[in-house]
Amino acid sequence: MHGKVIKSTGSVYTVRTDSGEAVDCKVKGNFRLRGIRSTNPVAVGDGVTITQPRDMQPAYITEVDERRNYIVRKASNLSKQSHILAANVDLALLVVTLARPETSTTFIDRFLASAEAYRVPVCIAFNKVDELNDEEAERLELLCHIYRSMDYQCLPMSALNGTGIEPLKQLLQGQTTLLAGHSGVGKSTLLNTLVPQAHARTAQVSEAHGTGMHTTTYSELYELPQGGALIDIPGIKGFGTFNMEPEEVAHYFRDIFTLSRGCRFSNCTHTHEPGCAVMQALEDLKLAPSRYTSYLSMLEDKDEGKYRAAF
């Protein structure tokens, strides 16, 4: 029997079969994807084959279809394994906030680079724009300019008062979209706005720490009323890159990769070499310092303990 994974609690996977039936399944302990070392061998969005015994025993996932793409990060326990956030998506909607809580540009850039590596388009949704003061509003304009100059879609919005929701609905129509971001940025409020029957729990941002509190505890796919689907996942605290060699990092920064064509050396690391077009652009204010800082932080990811400090 074939179907698609629509919910994952970590131990139980709900599969919607091709005939429309929802079946709770398990994965055998020795189940591993070919060539992928992952803490979760099956992800929401995966096409799977299941066996359903007649003696009321649990159904099991026995095969995972070849994925056309996926979003992955380093497992949070700093193991040498990955954690797959979602599979077979048309778009990743990265929900960020500039204050209360603040999403760092390093986190944004790490997400963008990882999505670039796995060929997943990204739209950056700047939520809670109705709460910004003048200084924060200026920073919003600057960040939108930086990312739009690299052809990333940027959407200032407010899930609470409806700003930007109609353009977002048009963007999501007919697409399977990963909904990602820190806890507290308003993902659950946005989900409830787009899919009223989701009834996702929301929580206030911690006043003491300015960070969000987790309300989503598992990954689940929701059908959109206008067609398409949203894959909601728990809030992401950090984004360690996985299986990315230092010499590859620049390839996934669109601005740095374009500038690197002017470097004197083809194997330039953009850190110390003479004739480096990237460092010259940084000096000439043609490259955003935040982007270069993010690039340097990703070069250090081979040092397993460092990436946690870069969020």
# chains A, B, ... in the order shown; residues from 1 in each chain; ligands from 1

call {"tool": "select_by_dssp", "arguments": {"residues": "range 7-201 of chain A", "states": "helix (DSSP H, G or I)", "output": "ChimeraX atom specification"}}
result
/A:105-117,129-131,134-148,165-172,187-194,196-198

call {"tool": "write_last_selection", "arguments": {"atoms": "C-alpha atoms", "output": "PDB file, in the first residue's frame"}}
result
ATOM      1  CA  THR A 105      20.689  37.257  10.235  1.00  0.00           C
ATOM      2  CA  THR A 106      23.072  34.359  10.852  1.00  0.00           C
ATOM      3  CA  PHE A 107      20.116  32.036  11.378  1.00  0.00           C
ATOM      4  CA  ILE A 108      18.399  33.383   8.247  1.00  0.00           C
ATOM      5  CA  ASP A 109      21.539  32.970   6.149  1.00  0.00           C
ATOM      6  CA  ARG A 110      22.204  29.449   7.391  1.00  0.00           C
ATOM      7  CA  PHE A 111      18.667  28.431   6.494  1.00  0.00           C
ATOM      8  CA  LEU A 112      18.966  30.042   3.047  1.00  0.00           C
ATOM      9  CA  ALA A 113      22.294  28.319   2.342  1.00  0.00           C
ATOM     10  CA  SER A 114      20.955  24.909   3.362  1.00  0.00           C
ATOM     11  CA  ALA A 115      17.832  25.389   1.246  1.00  0.00           C
ATOM     12  CA  GLU A 116      20.051  26.435  -1.682  1.00  0.00           C
ATOM     13  CA  ALA A 117      22.101  23.269  -1.263  1.00  0.00           C
ATOM     14  CA  VAL A 129       5.632  44.320  11.263  1.00  0.00           C
ATOM     15  CA  ASP A 130       2.773  46.073  13.076  1.00  0.00           C
ATOM     16  CA  GLU A 131       4.861  45.983  16.279  1.00  0.00           C
ATOM     17  CA  ASP A 134      10.930  53.398  13.613  1.00  0.00           C
ATOM     18  CA  GLU A 135      14.450  52.002  14.029  1.00  0.00           C
ATOM     19  CA  GLU A 136      13.249  48.421  13.561  1.00  0.00           C
ATOM     20  CA  ALA A 137      11.195  49.435  10.514  1.00  0.00           C
ATOM     21  CA  GLU A 138      14.342  50.916   8.926  1.00  0.00           C
ATOM     22  CA  ARG A 139      16.194  47.671   9.578  1.00  0.00           C
ATOM     23  CA  LEU A 140      13.344  45.778   7.923  1.00  0.00           C
ATOM     24  CA  GLU A 141      13.742  47.883   4.778  1.00  0.00           C
ATOM     25  CA  LEU A 142      17.494  47.271   4.769  1.00  0.00           C
ATOM     26  CA  LEU A 143      17.153  43.480   5.141  1.00  0.00           C
ATOM     27  CA  CYS A 144      14.466  43.301   2.447  1.00  0.00           C
ATOM     28  CA  HIS A 145      16.794  45.235   0.134  1.00  0.00           C
ATOM     29  CA  ILE A 146      19.702  42.868   0.876  1.00  0.00           C
ATOM     30  CA  TYR A 147      17.747  39.668   0.266  1.00  0.00           C
ATOM     31  CA  ARG A 148      15.705  40.921  -2.679  1.00  0.00           C
ATOM     32  CA  ILE A 165      -1.857  37.656   4.170  1.00  0.00           C
ATOM     33  CA  GLU A 166      -3.591  37.871   0.771  1.00  0.00           C
ATOM     34  CA  PRO A 167      -0.315  37.994  -1.230  1.00  0.00           C
ATOM     35  CA  LEU A 168       0.918  35.097   0.898  1.00  0.00           C
ATOM     36  CA  LYS A 169      -2.184  33.015   0.117  1.00  0.00           C
ATOM     37  CA  GLN A 170      -1.581  33.584  -3.588  1.00  0.00           C
ATOM     38  CA  LEU A 171       2.050  32.537  -3.222  1.00  0.00           C
ATOM     39  CA  LEU A 172       1.181  29.321  -1.389  1.00  0.00           C
ATOM     40  CA  LYS A 187       4.081  30.431  13.066  1.00  0.00           C
ATOM     41  CA  SER A 188       1.092  28.971  14.906  1.00  0.00           C
ATOM     42  CA  THR A 189      -0.890  32.213  14.567  1.00  0.00           C
ATOM     43  CA  LEU A 190      -0.083  32.247  10.857  1.00  0.00           C
ATOM     44  CA  LEU A 191      -1.083  28.596  10.503  1.00  0.00           C
ATOM     45  CA  ASN A 192      -4.421  29.293  12.179  1.00  0.00           C
ATOM     46  CA  THR A 193      -4.965  32.235   9.824  1.00  0.00           C
ATOM     47  CA  LEU A 194      -4.237  30.171   6.721  1.00  0.00           C
ATOM     48  CA  PRO A 196      -8.586  27.837  10.470  1.00  0.00           C
ATOM     49  CA  GLN A 197      -9.361  24.187  11.231  1.00  0.00           C
ATOM     50  CA  ALA A 198      -5.744  23.596  12.358  1.00  0.00           C
TER      51      ALA A 198
END

call {"tool": "closest_residue", "arguments": {"among": "A:Ser297, A:Thr258, A:Thr9, A:Thr17", "to": "Met150 in chain A", "atoms": "only C-alpha atoms"}}
result
A:Thr258

call {"tool": "closest_residue", "arguments": {"among": "A:Gly228, A:Gly181, A:Leu285, A:Ala200", "to": "Ser104 in chain A", "atoms": "only C-alpha atoms"}}
result
A:Gly181

call {"tool": "atom_distance", "arguments": {"atom1": "CA of Val23 in chain A", "atom2": "CA of Asp55 in chain A"}}
result
14.9 Å

call {"tool": "decode", "arguments": {"residues": "range 158-210 of chain A", "atoms": "C-alpha atoms", "output": "PDB file, in the first residue's frame"}}
result
ATOM      1  CA  SER A 158       1.381  40.515  10.316  1.00  0.00           C
ATOM      2  CA  ALA A 159      -0.420  37.252  11.005  1.00  0.00           C
ATOM      3  CA  LEU A 160      -2.314  39.035  13.782  1.00  0.00           C
ATOM      4  CA  ASN A 161      -3.829  41.946  11.844  1.00  0.00           C
ATOM      5  CA  GLY A 162      -3.812  40.466   8.333  1.00  0.00           C
ATOM      6  CA  THR A 163      -1.121  42.608   6.676  1.00  0.00           C
ATOM      7  CA  GLY A 164       0.391  40.706   3.752  1.00  0.00           C
ATOM      8  CA  ILE A 165      -1.857  37.656   4.170  1.00  0.00           C
ATOM      9  CA  GLU A 166      -3.591  37.871   0.771  1.00  0.00           C
ATOM     10  CA  PRO A 167      -0.315  37.994  -1.230  1.00  0.00           C
ATOM     11  CA  LEU A 168       0.918  35.097   0.898  1.00  0.00           C
ATOM     12  CA  LYS A 169      -2.184  33.015   0.117  1.00  0.00           C
ATOM     13  CA  GLN A 170      -1.581  33.584  -3.588  1.00  0.00           C
ATOM     14  CA  LEU A 171       2.050  32.537  -3.222  1.00  0.00           C
ATOM     15  CA  LEU A 172       1.181  29.321  -1.389  1.00  0.00           C
ATOM     16  CA  GLN A 173      -1.666  28.263  -3.668  1.00  0.00           C
ATOM     17  CA  GLY A 174      -1.108  24.843  -5.193  1.00  0.00           C
ATOM     18  CA  GLN A 175       2.288  24.381  -3.516  1.00  0.00           C
ATOM     19  CA  THR A 176       3.550  22.176  -0.704  1.00  0.00           C
ATOM     20  CA  THR A 177       5.292  24.602   1.649  1.00  0.00           C
ATOM     21  CA  LEU A 178       7.483  24.050   4.696  1.00  0.00           C
ATOM     22  CA  LEU A 179       6.600  26.489   7.504  1.00  0.00           C
ATOM     23  CA  ALA A 180       9.772  27.124   9.520  1.00  0.00           C
ATOM     24  CA  GLY A 181      11.216  29.559  12.043  1.00  0.00           C
ATOM     25  CA  HIS A 182      12.097  30.117  15.687  1.00  0.00           C
ATOM     26  CA  SER A 183       9.516  29.577  18.410  1.00  0.00           C
ATOM     27  CA  GLY A 184       7.675  32.815  19.122  1.00  0.00           C
ATOM     28  CA  VAL A 185       7.778  34.310  15.618  1.00  0.00           C
ATOM     29  CA  GLY A 186       4.072  33.660  15.082  1.00  0.00           C
ATOM     30  CA  LYS A 187       4.081  30.431  13.066  1.00  0.00           C
ATOM     31  CA  SER A 188       1.092  28.971  14.906  1.00  0.00           C
ATOM     32  CA  THR A 189      -0.890  32.213  14.567  1.00  0.00           C
ATOM     33  CA  LEU A 190      -0.083  32.247  10.857  1.00  0.00           C
ATOM     34  CA  LEU A 191      -1.083  28.596  10.503  1.00  0.00           C
ATOM     35  CA  ASN A 192      -4.421  29.293  12.179  1.00  0.00           C
ATOM     36  CA  THR A 193      -4.965  32.235   9.824  1.00  0.00           C
ATOM     37  CA  LEU A 194      -4.237  30.171   6.721  1.00  0.00           C
ATOM     38  CA  VAL A 195      -5.856  26.928   7.928  1.00  0.00           C
ATOM     39  CA  PRO A 196      -8.586  27.837  10.470  1.00  0.00           C
ATOM     40  CA  GLN A 197      -9.361  24.187  11.231  1.00  0.00           C
ATOM     41  CA  ALA A 198      -5.744  23.596  12.358  1.00  0.00           C
ATOM     42  CA  HIS A 199      -6.443  25.028  15.844  1.00  0.00           C
ATOM     43  CA  ALA A 200      -2.716  25.282  16.517  1.00  0.00           C
ATOM     44  CA  ARG A 201      -1.797  26.293  20.060  1.00  0.00           C
ATOM     45  CA  THR A 202      -0.155  29.701  20.502  1.00  0.00           C
ATOM     46  CA  ALA A 203       1.840  31.121  23.408  1.00  0.00           C
ATOM     47  CA  GLN A 204       3.214  34.458  24.503  1.00  0.00           C
ATOM     48  CA  VAL A 205       6.882  35.311  24.022  1.00  0.00           C
ATOM     49  CA  SER A 206       8.859  35.071  27.263  1.00  0.00           C
ATOM     50  CA  GLU A 207       9.231  38.553  28.700  1.00  0.00           C
ATOM     51  CA  ALA A 208      12.347  37.539  30.636  1.00  0.00           C
ATOM     52  CA  HIS A 209      14.313  36.180  27.686  1.00  0.00           C
ATOM     53  CA  GLY A 210      12.579  37.611  24.616  1.00  0.00           C
TER      54      GLY A 210
END
